[in-house]
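Enquirer: Below are the structure tokens for one structure; questions will follow.
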Amino acid sequence: MKVLANCLLLIILIVTFSYPVISFTTFSKNNDNYFVKNENICPFNTHLLTVCSFNILASVYAKEDRYSNIKNKTFLSWKHRQPLIFKTLSQSLSLSKKTSQFFDIIGLQEVDKLKIKEFFNFANKNNYVLMYSERLLPKKDGIALLINKNRFNILDCGDKVLIKNYSEVAQYFILQEKFTKQIFIVINCHLTYEHNVISRENQVKSLLLMLKELKENFYNKEIKILIFGDFNTEPYESPIKLMENSHLKRTHHFEMMTTDNELKRFYWSFCSSNNNEKKVVDYIWFEGLEEIYNNGDLSIGLKDESIPNEHFGSDHLPLVAQFKIV
């Protein structure tokens, strides 16, 4: 496991290994009309935590021949998708007139290596610290965690290749909430798309081992846990059962068993490019928190639509959840 021991908030720190690469920064870039700074990100309700996990569809994969289900190919261009994605990341969650919060933590998957400076710019303008971890070659994208630096102190951060001979990595932050002093372990991952479910099982086992090792550093202390990711796995498959058996809870319960013992999906998070099939592959897992909201109803009005489209910039829907810190 590669670790950045003393993560800095206000300078660019790039630590380069053979692979993966961690970029930990608040990169500054001035000329971009798409990004709106959240001037009122603080003060916030210290008893609430608002998070987002989002596979944003790397441009390297957004090819016209791959997305035969998208009739208007303009929807696949980064020029079209970029403002939609950053609008999503800039939104605030308002559950009442008295409660409106921007995202405290964001986990992203499929972040293009060549587009990462745009996300550094977004982080800088919106009071986030960003850590980027590249997937191993031949992949040309990576994952990113964004942390509200007004709310959290960073105690540690790093990443890990999940299993040998695969490109996928997981990254983590260990955080201390500045006001309550509570400790959070936050992990972000993107599991393999390979159809061999055993590979994803092994990646989940590695992920859970990583979590166990991080928790051991805080023996006898109550730890809050958040895990974001595209697991490329549906809820009935064995990798998700491994996560559930670890006593982690998940937001966005997209399915239920019908009276004839068949699995019926009410929501979805991913639109397949070849046959427009809707699937559940994205998850937010948690421990030590009380879930009070998620946006699981977002897909209800999109039953027959393909994404990306004029309103959504990815083939995945963003997962948004809010928790009460107990």
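For the structure tokens, the naming scheme is as follows: chains receive sequential letters (A, B, ...) according to their order of presentation, residues are indexed from 1 within each chain, and ligands are indexed from 1 in presentation order.
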List the spatial neighbours of range 286-301 of chain A as number ranges by chain - criterion: any atom at most 8 Å away, only C-alpha atoms, same-chain residues fewer than 6 positions off excluded.

Expert: A: 222-227, 248-254, 266-269, 317, 319-326

Enquirer: Residues of the last selection are to be written out with N, CA, C and O atoms, as a CSV table (one decimal), in the first residue's frame.

Expert:
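Everything below was put into selection_27.csv:
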```csv
chain,number,residue,atom,x,y,z
A,222,GLU,N,-14.4,4.7,17.8
A,222,GLU,CA,-15.5,4.6,16.9
A,222,GLU,C,-15.1,5.2,15.6
A,222,GLU,O,-14.8,6.4,15.5
A,223,ILE,N,-15.2,4.5,14.5
A,223,ILE,CA,-14.9,4.9,13.2
A,223,ILE,C,-16.1,5.0,12.3
A,223,ILE,O,-16.9,4.1,12.3
A,224,LYS,N,-16.2,6.1,11.6
A,224,LYS,CA,-17.3,6.2,10.5
A,224,LYS,C,-16.6,5.8,9.2
A,224,LYS,O,-15.5,6.1,8.9
A,225,ILE,N,-17.4,5.0,8.5
A,225,ILE,CA,-16.9,4.4,7.2
A,225,ILE,C,-17.8,4.8,6.0
A,225,ILE,O,-19.0,4.7,6.1
A,226,LEU,N,-17.2,5.2,4.9
A,226,LEU,CA,-17.8,5.4,3.7
A,226,LEU,C,-17.0,4.7,2.6
A,226,LEU,O,-15.8,4.9,2.5
A,227,ILE,N,-17.7,3.9,1.7
A,227,ILE,CA,-17.0,3.3,0.5
A,227,ILE,C,-17.9,3.7,-0.7
A,227,ILE,O,-19.1,3.4,-0.7
A,248,LEU,N,-21.4,-4.0,6.5
A,248,LEU,CA,-21.6,-2.7,5.9
A,248,LEU,C,-23.0,-2.5,5.4
A,248,LEU,O,-23.6,-3.5,4.9
A,249,LYS,N,-23.6,-1.4,5.5
A,249,LYS,CA,-24.9,-1.1,5.0
A,249,LYS,C,-24.7,-0.3,3.7
A,249,LYS,O,-23.7,0.3,3.4
A,250,ARG,N,-25.7,-0.4,2.8
A,250,ARG,CA,-25.7,0.3,1.6
A,250,ARG,C,-26.9,1.2,1.4
A,250,ARG,O,-28.0,0.9,1.9
A,251,THR,N,-26.7,2.3,0.8
A,251,THR,CA,-27.8,3.2,0.4
A,251,THR,C,-28.4,2.7,-0.9
A,251,THR,O,-28.0,1.7,-1.4
A,252,HIS,N,-29.5,3.4,-1.3
A,252,HIS,CA,-30.0,3.1,-2.7
A,252,HIS,C,-30.4,1.6,-2.8
A,252,HIS,O,-29.8,0.9,-3.6
A,253,HIS,N,-31.4,1.2,-2.1
A,253,HIS,CA,-31.8,-0.2,-2.3
A,253,HIS,C,-32.8,-0.2,-3.5
A,253,HIS,O,-33.9,0.1,-3.4
A,254,PHE,N,-32.2,-0.6,-4.6
A,254,PHE,CA,-32.8,-0.5,-5.9
A,254,PHE,C,-33.8,-1.6,-6.2
A,254,PHE,O,-34.5,-1.6,-7.2
A,266,PHE,N,-36.6,-1.5,-9.3
A,266,PHE,CA,-37.4,-0.3,-9.3
A,266,PHE,C,-36.5,0.9,-9.8
A,266,PHE,O,-37.0,1.9,-10.3
A,267,TYR,N,-35.2,0.8,-9.5
A,267,TYR,CA,-34.3,1.9,-9.9
A,267,TYR,C,-33.1,1.3,-10.6
A,267,TYR,O,-32.9,0.1,-10.6
A,268,TRP,N,-32.3,2.1,-11.2
A,268,TRP,CA,-31.1,1.7,-11.9
A,268,TRP,C,-30.0,2.8,-11.8
A,268,TRP,O,-30.3,3.9,-11.5
A,269,SER,N,-28.8,2.4,-12.0
A,269,SER,CA,-27.7,3.4,-12.0
A,269,SER,C,-26.8,3.5,-13.2
A,269,SER,O,-26.0,4.3,-13.4
A,317,LEU,N,-25.8,7.2,-13.5
A,317,LEU,CA,-26.4,8.3,-12.7
A,317,LEU,C,-25.6,8.5,-11.5
A,317,LEU,O,-25.0,7.6,-10.9
A,319,LEU,N,-25.0,8.9,-7.6
A,319,LEU,CA,-25.6,8.5,-6.3
A,319,LEU,C,-25.3,9.6,-5.3
A,319,LEU,O,-24.2,10.0,-5.1
A,320,VAL,N,-26.4,10.1,-4.7
A,320,VAL,CA,-26.3,11.1,-3.7
A,320,VAL,C,-27.0,10.6,-2.4
A,320,VAL,O,-28.0,10.0,-2.5
A,321,ALA,N,-26.3,10.8,-1.3
A,321,ALA,CA,-26.9,10.4,0.0
A,321,ALA,C,-26.5,11.4,1.1
A,321,ALA,O,-25.5,12.1,1.0
A,322,GLN,N,-27.4,11.5,2.0
A,322,GLN,CA,-27.2,12.4,3.2
A,322,GLN,C,-27.3,11.5,4.5
A,322,GLN,O,-28.2,10.7,4.6
A,323,PHE,N,-26.4,11.8,5.4
A,323,PHE,CA,-26.4,11.0,6.6
A,323,PHE,C,-26.5,11.9,7.8
A,323,PHE,O,-26.0,13.1,7.8
A,324,LYS,N,-27.0,11.4,8.9
A,324,LYS,CA,-26.9,12.0,10.2
A,324,LYS,C,-25.8,11.4,10.9
A,324,LYS,O,-25.6,10.2,11.0
A,325,ILE,N,-24.9,12.2,11.4
A,325,ILE,CA,-23.7,11.7,12.2
A,325,ILE,C,-24.2,11.4,13.6
A,325,ILE,O,-24.5,12.3,14.3
A,326,VAL,N,-24.1,10.2,13.9
A,326,VAL,CA,-24.6,9.7,15.2
A,326,VAL,C,-23.5,9.4,16.2
A,326,VAL,O,-22.3,9.2,15.8
```

Enquirer: Would you give me, as a ChimeraX atom specification, the residues in range 76-218 of chain A that DSSP reads as helix (DSSP H, G or I)?

Expert: /A:76,78-90,113-125,197-218

Enquirer: Which polymer residues have any atom within 12 Å of an atom of Ser199 in chain A, counting only C-alpha atoms, with same-chain residues fewer than 3 positions away left out, as a PyMOL selection string?

Expert: chain A and resi 162-168+191-196+202-206+231-233+238-239

Enquirer: Go ahead and write the residues just picked, C-alpha atoms, as a PDB file, in the first residue's frame.

Expert:
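The result, written out as part_30.pdb:
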```pdb
ATOM      1  CA  LEU A 162      -6.500  -4.439  -5.584  1.00  0.00           C
ATOM      2  CA  ILE A 163      -5.191  -7.674  -7.143  1.00  0.00           C
ATOM      3  CA  LYS A 164      -2.212  -8.595  -9.302  1.00  0.00           C
ATOM      4  CA  ASN A 165      -2.473  -8.509 -13.089  1.00  0.00           C
ATOM      5  CA  TYR A 166      -5.452  -6.160 -12.998  1.00  0.00           C
ATOM      6  CA  SER A 167      -5.627  -2.408 -13.563  1.00  0.00           C
ATOM      7  CA  GLU A 168      -8.006  -1.483 -10.750  1.00  0.00           C
ATOM      8  CA  LEU A 191     -13.848  -2.847  -9.926  1.00  0.00           C
ATOM      9  CA  THR A 192     -13.092  -4.715 -13.135  1.00  0.00           C
ATOM     10  CA  TYR A 193     -15.667  -4.955 -15.912  1.00  0.00           C
ATOM     11  CA  GLU A 194     -14.462  -8.470 -16.714  1.00  0.00           C
ATOM     12  CA  HIS A 195     -17.322 -10.952 -16.821  1.00  0.00           C
ATOM     13  CA  ASN A 196     -15.454 -13.375 -14.556  1.00  0.00           C
ATOM     14  CA  ASN A 202     -11.068 -11.187  -5.113  1.00  0.00           C
ATOM     15  CA  GLN A 203     -11.061  -7.424  -5.547  1.00  0.00           C
ATOM     16  CA  VAL A 204     -13.769  -7.085  -2.895  1.00  0.00           C
ATOM     17  CA  LYS A 205     -11.770  -9.316  -0.534  1.00  0.00           C
ATOM     18  CA  SER A 206      -8.735  -7.088  -1.079  1.00  0.00           C
ATOM     19  CA  PHE A 231     -18.523  -2.366  -8.575  1.00  0.00           C
ATOM     20  CA  ASN A 232     -19.590  -3.530 -12.054  1.00  0.00           C
ATOM     21  CA  THR A 233     -21.713  -6.000 -10.106  1.00  0.00           C
ATOM     22  CA  SER A 238     -21.534 -12.753  -4.916  1.00  0.00           C
ATOM     23  CA  PRO A 239     -19.182  -9.708  -4.635  1.00  0.00           C
TER      24      PRO A 239
END
```

Enquirer: Between CA of Ser92 in chain A and CA of Leu48 in chain A, what is the spacing in Å?

Expert: 13.0 Å

Enquirer: Could you list, as an MDAnalysis selection string, every residue within 12 Å of Leu175 in chain A, counting only C-alpha atoms and ignoring same-chain residues fewer than 4 positions away?

Expert: chainID A and resid 7 104:105 129 146:157 179:187 214 218 223:226
